[in-house]
Amino acid sequence: MRTIISRRPVYTGFTALRLNGIETPWCPKLHDAPFHLLYEHDNHRHLRDGSRYLHLPDALAGRAHLSHTFDGTTIVYTDPLTTWAILSRHLSQIETIVLADSILRRSSDAHRDAKSAFRRFLYGCGPFRGKGKCLDSIAFLDYRTDSPMECRSVLTLLKAGLPEPNVHWTIYIPALQHLATVDIAYPEAKVIIEFDGDMHRIDRQQHRWDERKRQALRDMGYIVIVIFSDDVLTEDGRRSLISRVAQALRVSPPGQPAAHHMALCNDERDAEARARQRKYRKKKAIEGIKV
């Protein structure tokens with residue numbers, strides 16, 4: 001029989017992100033429970049239905065938690081950087097970067113040197129599963145996007161080896177007498193990429209403005225590529241996006257990122273290493289050798 005220690009629960013994972021006002025990353029296996037709770041040891045777990053328990057590594061123990069009181073009830077939850085570190089073992093390299101970008105977007109220090117805050121956090125704690133992915137994410141924090149989908153779009157292009165785009169590029173549109181900001185752009189090639197989320201279509205005024213802006217840009221000689229969520233969340237969508245952008249830029253995508261962006265291939269390299277290990281173990285098992 002396991003002894004359950006009675007103590008105030010600490011929320012983490014997606015629950016803590018929502019309490020911090022931060023968008024949650026793409027990780028279907030973590031969406032199966034409405035609440036994510038923190039535990040350090042097995043006997044610290046609470047018996048709560050509909051909850052997923054995420055482990056607090058020893059390297060992150062001792063960090064102060066955040067709290068908020070609603071109608072006399074105090075809710076305790078992990079801070080954004082601790083939550084990011086805890087989730088990193090469950091996330092892909094891409095989504096670890098996307099979550100860091102989302103944290104940065106909500107930070108009061110968003111316009112300062114955000115990299116230093118992330119570095120101080122990581123260098124100030126010991127090893128934990130996922131720390132390598134967190135460290136590799138820092139190099140991509142210069143791309144300040146407005147949404148997780150925009151961030152995924154930029155990373156998709158970089159992973160394919162396409163040129164680095166400008167994010168939030170501004171251009172004056174004489175026909176509208178307006179200085180407009182576009183999501184992603186290759187100004188010299190006169191290529192603009194705009195993400196069309198659901199809110200753009202729900203807000204009719206915003207939708208009309210987006211269409212007028214894009215038409216005016218096309219009249220100015222720009223190629224405007226409009227992308228949707230499935231263009232970055234599915235393998236077929238990403239291939240299509242890369243092809244469309246490469247065609248507009250009149251380049252052939254190398255198929256792999258530049259040397260300083262090779263961390264974007266971490267997941268594939270890890271999967272290949274696991275496959276080799278499984279093959280080796282299977283071979284040894286056939287030979288009667290236990291490994």
# chains A, B, ... in the order shown; residues from 1 in each chain; ligands from 1

call {"tool": "select_by_dssp", "arguments": {"residues": "segment 55-189 of chain A", "states": "strand (DSSP E)", "output": "PyMOL selection string"}}
result
chain A and resi 55+66-70+73-77+166-173+178-186

call {"tool": "select_by_dssp", "arguments": {"residues": "segment 14-130 of chain A", "states": "helix (DSSP H, G or I)", "output": "PyMOL selection string"}}
result
chain A and resi 14-19+28-30+42-44+58-60+80-88+93-106+114-123

call {"tool": "write_last_selection", "arguments": {"atoms": "N, CA and C atoms", "output": "CSV table (one decimal), in the first residue's frame"}}
result
chain,number,residue,atom,x,y,z
A,14,PHE,N,0.6,21.9,-18.8
A,14,PHE,CA,-0.3,22.7,-19.5
A,14,PHE,C,-1.2,23.5,-18.6
A,15,THR,N,-1.5,23.0,-17.4
A,15,THR,CA,-2.3,23.7,-16.4
A,15,THR,C,-1.6,25.0,-16.0
A,16,ALA,N,-0.3,24.8,-15.6
A,16,ALA,CA,0.5,26.0,-15.2
A,16,ALA,C,0.6,27.0,-16.4
A,17,LEU,N,0.8,26.5,-17.6
A,17,LEU,CA,0.9,27.4,-18.7
A,17,LEU,C,-0.4,28.3,-18.9
A,18,ARG,N,-1.5,27.6,-18.7
A,18,ARG,CA,-2.8,28.4,-18.9
A,18,ARG,C,-2.9,29.4,-17.7
A,19,LEU,N,-2.5,29.0,-16.5
A,19,LEU,CA,-2.6,29.9,-15.4
A,19,LEU,C,-1.6,31.1,-15.6
A,28,PRO,N,0.0,15.8,-28.4
A,28,PRO,CA,-1.2,15.1,-28.2
A,28,PRO,C,-1.2,14.2,-26.9
A,29,LYS,N,-0.1,13.6,-26.6
A,29,LYS,CA,-0.1,12.6,-25.5
A,29,LYS,C,-0.3,13.3,-24.2
A,30,LEU,N,-0.1,14.6,-24.1
A,30,LEU,CA,-0.3,15.3,-22.8
A,30,LEU,C,-1.7,16.0,-22.8
A,42,ASP,N,7.0,9.3,-5.6
A,42,ASP,CA,5.7,8.6,-5.8
A,42,ASP,C,4.8,8.8,-4.6
A,43,ASN,N,5.3,8.9,-3.4
A,43,ASN,CA,4.4,9.1,-2.2
A,43,ASN,C,3.9,10.5,-2.1
A,44,HIS,N,4.3,11.4,-3.0
A,44,HIS,CA,3.8,12.8,-3.0
A,44,HIS,C,2.7,13.0,-4.0
A,58,ASP,N,15.3,16.6,-9.7
A,58,ASP,CA,16.1,17.1,-8.6
A,58,ASP,C,16.7,18.4,-8.9
A,59,ALA,N,17.2,18.5,-10.2
A,59,ALA,CA,17.9,19.8,-10.6
A,59,ALA,C,17.0,21.0,-10.5
A,60,LEU,N,15.7,20.8,-10.5
A,60,LEU,CA,14.7,22.0,-10.4
A,60,LEU,C,14.1,22.1,-9.1
A,80,PRO,N,6.9,29.9,-15.4
A,80,PRO,CA,7.0,29.5,-16.8
A,80,PRO,C,8.3,28.7,-17.2
A,81,LEU,N,9.4,29.1,-16.7
A,81,LEU,CA,10.7,28.5,-17.1
A,81,LEU,C,10.8,27.1,-16.5
A,82,THR,N,10.4,26.9,-15.2
A,82,THR,CA,10.4,25.6,-14.6
A,82,THR,C,9.4,24.7,-15.4
A,83,THR,N,8.2,25.2,-15.7
A,83,THR,CA,7.2,24.4,-16.5
A,83,THR,C,7.8,24.0,-17.8
A,84,TRP,N,8.5,24.9,-18.5
A,84,TRP,CA,9.2,24.6,-19.8
A,84,TRP,C,10.2,23.5,-19.6
A,85,ALA,N,11.0,23.5,-18.6
A,85,ALA,CA,12.0,22.5,-18.3
A,85,ALA,C,11.3,21.1,-18.1
A,86,ILE,N,10.3,21.2,-17.2
A,86,ILE,CA,9.6,19.9,-16.9
A,86,ILE,C,8.9,19.3,-18.2
A,87,LEU,N,8.4,20.1,-19.0
A,87,LEU,CA,7.7,19.6,-20.2
A,87,LEU,C,8.7,19.2,-21.3
A,88,SER,N,9.9,19.7,-21.3
A,88,SER,CA,10.8,19.4,-22.4
A,88,SER,C,11.0,18.0,-22.7
A,93,GLN,N,11.9,18.7,-30.3
A,93,GLN,CA,12.7,19.9,-30.3
A,93,GLN,C,12.0,21.1,-30.8
A,94,ILE,N,11.2,20.9,-31.9
A,94,ILE,CA,10.5,22.0,-32.4
A,94,ILE,C,9.5,22.6,-31.4
A,95,GLU,N,8.8,21.8,-30.7
A,95,GLU,CA,7.8,22.3,-29.7
A,95,GLU,C,8.5,22.9,-28.5
A,96,THR,N,9.7,22.4,-28.2
A,96,THR,CA,10.4,23.0,-27.1
A,96,THR,C,10.8,24.4,-27.4
A,97,ILE,N,11.2,24.7,-28.7
A,97,ILE,CA,11.4,26.0,-29.1
A,97,ILE,C,10.2,26.8,-29.2
A,98,VAL,N,9.1,26.3,-29.7
A,98,VAL,CA,7.8,27.0,-29.8
A,98,VAL,C,7.3,27.4,-28.4
A,99,LEU,N,7.5,26.6,-27.4
A,99,LEU,CA,7.1,26.9,-26.0
A,99,LEU,C,7.9,28.0,-25.5
A,100,ALA,N,9.2,28.0,-25.7
A,100,ALA,CA,10.1,29.1,-25.3
A,100,ALA,C,9.7,30.4,-25.9
A,101,ASP,N,9.4,30.4,-27.2
A,101,ASP,CA,8.9,31.6,-27.9
A,101,ASP,C,7.6,32.1,-27.3
A,102,SER,N,6.7,31.2,-26.9
A,102,SER,CA,5.4,31.6,-26.3
A,102,SER,C,5.7,32.2,-24.9
A,103,ILE,N,6.6,31.7,-24.1
A,103,ILE,CA,7.0,32.2,-22.8
A,103,ILE,C,7.5,33.6,-23.0
A,104,LEU,N,8.4,33.8,-24.0
A,104,LEU,CA,9.0,35.0,-24.2
A,104,LEU,C,8.0,36.1,-24.6
A,105,ARG,N,7.0,35.7,-25.4
A,105,ARG,CA,5.9,36.6,-25.8
A,105,ARG,C,5.1,37.2,-24.7
A,106,ARG,N,5.0,36.4,-23.6
A,106,ARG,CA,4.2,36.8,-22.4
A,106,ARG,C,5.1,37.5,-21.4
A,114,ALA,N,16.3,38.4,-23.9
A,114,ALA,CA,15.6,37.3,-23.3
A,114,ALA,C,16.6,36.1,-23.2
A,115,LYS,N,17.5,36.0,-24.2
A,115,LYS,CA,18.4,34.8,-24.2
A,115,LYS,C,19.1,34.7,-22.8
A,116,SER,N,19.5,35.8,-22.3
A,116,SER,CA,20.3,35.8,-21.0
A,116,SER,C,19.5,35.2,-19.9
A,117,ALA,N,18.1,35.5,-19.8
A,117,ALA,CA,17.3,35.0,-18.8
A,117,ALA,C,17.2,33.5,-18.9
A,118,PHE,N,17.0,33.0,-20.2
A,118,PHE,CA,16.9,31.5,-20.4
A,118,PHE,C,18.3,30.9,-20.0
A,119,ARG,N,19.3,31.5,-20.4
A,119,ARG,CA,20.7,30.9,-20.1
A,119,ARG,C,20.9,30.9,-18.6
A,120,ARG,N,20.6,31.9,-17.9
A,120,ARG,CA,20.8,32.0,-16.5
A,120,ARG,C,20.0,30.8,-15.8
A,121,PHE,N,18.8,30.6,-16.3
A,121,PHE,CA,18.0,29.6,-15.7
A,121,PHE,C,18.6,28.2,-15.9
A,122,LEU,N,19.0,27.9,-17.2
A,122,LEU,CA,19.6,26.6,-17.5
A,122,LEU,C,20.9,26.4,-16.9
A,123,TYR,N,21.8,27.4,-16.9
A,123,TYR,CA,23.1,27.2,-16.4
A,123,TYR,C,23.1,27.2,-14.8

call {"tool": "closest_residue", "arguments": {"among": "A:Arg214, A:His65, A:His168, A:His261", "to": "Thr156 of chain A", "atoms": "only C-alpha atoms"}}
result
A:His261

call {"tool": "closest_residue", "arguments": {"among": "A:Pro9, A:Pro25, A:Pro254, A:Gly132", "to": "Val76 of chain A", "atoms": "only C-alpha atoms"}}
result
A:Pro9

call {"tool": "closest_residue", "arguments": {"among": "A:Ser240, A:Gln247, A:Thr73, A:Ser107", "to": "Ser153 of chain A", "atoms": "only C-alpha atoms"}}
result
A:Ser240

call {"tool": "atom_distance", "arguments": {"atom1": "atom CA of Thr12 of chain A", "atom2": "atom CA of Gly126 of chain A"}}
result
19.5 Å

call {"tool": "atom_distance", "arguments": {"atom1": "atom CA of Leu162 of chain A", "atom2": "atom CA of Asp231 of chain A"}}
result
16.2 Å

call {"tool": "atom_distance", "arguments": {"atom1": "atom CA of Tyr11 of chain A", "atom2": "atom CA of Leu38 of chain A"}}
result
5.8 Å

call {"tool": "decode", "arguments": {"residues": "segment 37-100 of chain A", "atoms": "C-alpha atoms", "output": "mmCIF file, in the first residue's frame"}}
result
data_model
loop_
_atom_site.group_PDB
_atom_site.id
_atom_site.type_symbol
_atom_site.label_atom_id
_atom_site.label_comp_id
_atom_site.auth_asym_id
_atom_site.auth_seq_id
_atom_site.Cartn_x
_atom_site.Cartn_y
_atom_site.Cartn_z
ATOM 1 C CA LEU A 37 0.085 18.094 -11.320
ATOM 2 C CA LEU A 38 3.643 18.139 -10.030
ATOM 3 C CA TYR A 39 5.254 15.378 -7.990
ATOM 4 C CA GLU A 40 8.766 14.856 -6.647
ATOM 5 C CA HIS A 41 8.384 11.307 -5.305
ATOM 6 C CA ASP A 42 5.750 8.620 -5.769
ATOM 7 C CA ASN A 43 4.411 9.095 -2.239
ATOM 8 C CA HIS A 44 3.822 12.777 -2.995
ATOM 9 C CA ARG A 45 1.204 12.048 -5.640
ATOM 10 C CA HIS A 46 -2.403 12.940 -4.942
ATOM 11 C CA LEU A 47 -5.169 10.551 -5.921
ATOM 12 C CA ARG A 48 -7.094 12.839 -8.246
ATOM 13 C CA ASP A 49 -9.228 11.698 -11.148
ATOM 14 C CA GLY A 50 -8.572 13.268 -14.548
ATOM 15 C CA SER A 51 -5.045 14.344 -13.639
ATOM 16 C CA ARG A 52 -1.663 13.685 -15.219
ATOM 17 C CA TYR A 53 1.390 13.761 -12.962
ATOM 18 C CA LEU A 54 4.656 15.264 -14.200
ATOM 19 C CA HIS A 55 7.905 14.688 -12.358
ATOM 20 C CA LEU A 56 9.960 17.494 -10.849
ATOM 21 C CA PRO A 57 13.641 16.682 -11.510
ATOM 22 C CA ASP A 58 16.056 17.079 -8.604
ATOM 23 C CA ALA A 59 17.859 19.760 -10.628
ATOM 24 C CA LEU A 60 14.745 21.963 -10.439
ATOM 25 C CA ALA A 61 13.819 21.299 -6.809
ATOM 26 C CA GLY A 62 13.773 24.280 -4.474
ATOM 27 C CA ARG A 63 12.510 26.853 -6.978
ATOM 28 C CA ALA A 64 9.737 29.044 -5.611
ATOM 29 C CA HIS A 65 6.284 28.417 -7.046
ATOM 30 C CA LEU A 66 3.714 31.001 -8.073
ATOM 31 C CA SER A 67 0.285 31.301 -6.496
ATOM 32 C CA HIS A 68 -3.014 33.020 -7.065
ATOM 33 C CA THR A 69 -6.105 33.193 -4.888
ATOM 34 C CA PHE A 70 -9.555 32.764 -6.443
ATOM 35 C CA ASP A 71 -12.601 33.198 -4.187
ATOM 36 C CA GLY A 72 -10.595 32.335 -1.109
ATOM 37 C CA THR A 73 -8.886 29.310 -2.667
ATOM 38 C CA THR A 74 -5.143 29.552 -3.286
ATOM 39 C CA ILE A 75 -3.835 27.796 -6.380
ATOM 40 C CA VAL A 76 -0.110 27.022 -6.528
ATOM 41 C CA TYR A 77 1.660 26.412 -9.841
ATOM 42 C CA THR A 78 5.138 26.316 -11.354
ATOM 43 C CA ASP A 79 6.712 29.363 -12.979
ATOM 44 C CA PRO A 80 7.017 29.476 -16.800
ATOM 45 C CA LEU A 81 10.688 28.479 -17.080
ATOM 46 C CA THR A 82 10.358 25.597 -14.633
ATOM 47 C CA THR A 83 7.249 24.441 -16.500
ATOM 48 C CA TRP A 84 9.171 24.616 -19.790
ATOM 49 C CA ALA A 85 11.971 22.492 -18.348
ATOM 50 C CA ILE A 86 9.551 19.909 -16.911
ATOM 51 C CA LEU A 87 7.695 19.613 -20.223
ATOM 52 C CA SER A 88 10.821 19.438 -22.408
ATOM 53 C CA ARG A 89 11.269 15.668 -21.936
ATOM 54 C CA HIS A 90 7.786 15.150 -23.404
ATOM 55 C CA LEU A 91 8.109 17.622 -26.300
ATOM 56 C CA SER A 92 9.838 17.490 -29.660
ATOM 57 C CA GLN A 93 12.742 19.854 -30.286
ATOM 58 C CA ILE A 94 10.467 22.034 -32.430
ATOM 59 C CA GLU A 95 7.798 22.279 -29.722
ATOM 60 C CA THR A 96 10.415 22.997 -27.050
ATOM 61 C CA ILE A 97 11.437 26.018 -29.127
ATOM 62 C CA VAL A 98 7.799 26.981 -29.761
ATOM 63 C CA LEU A 99 7.062 26.927 -26.028
ATOM 64 C CA ALA A 100 10.131 29.057 -25.267
#
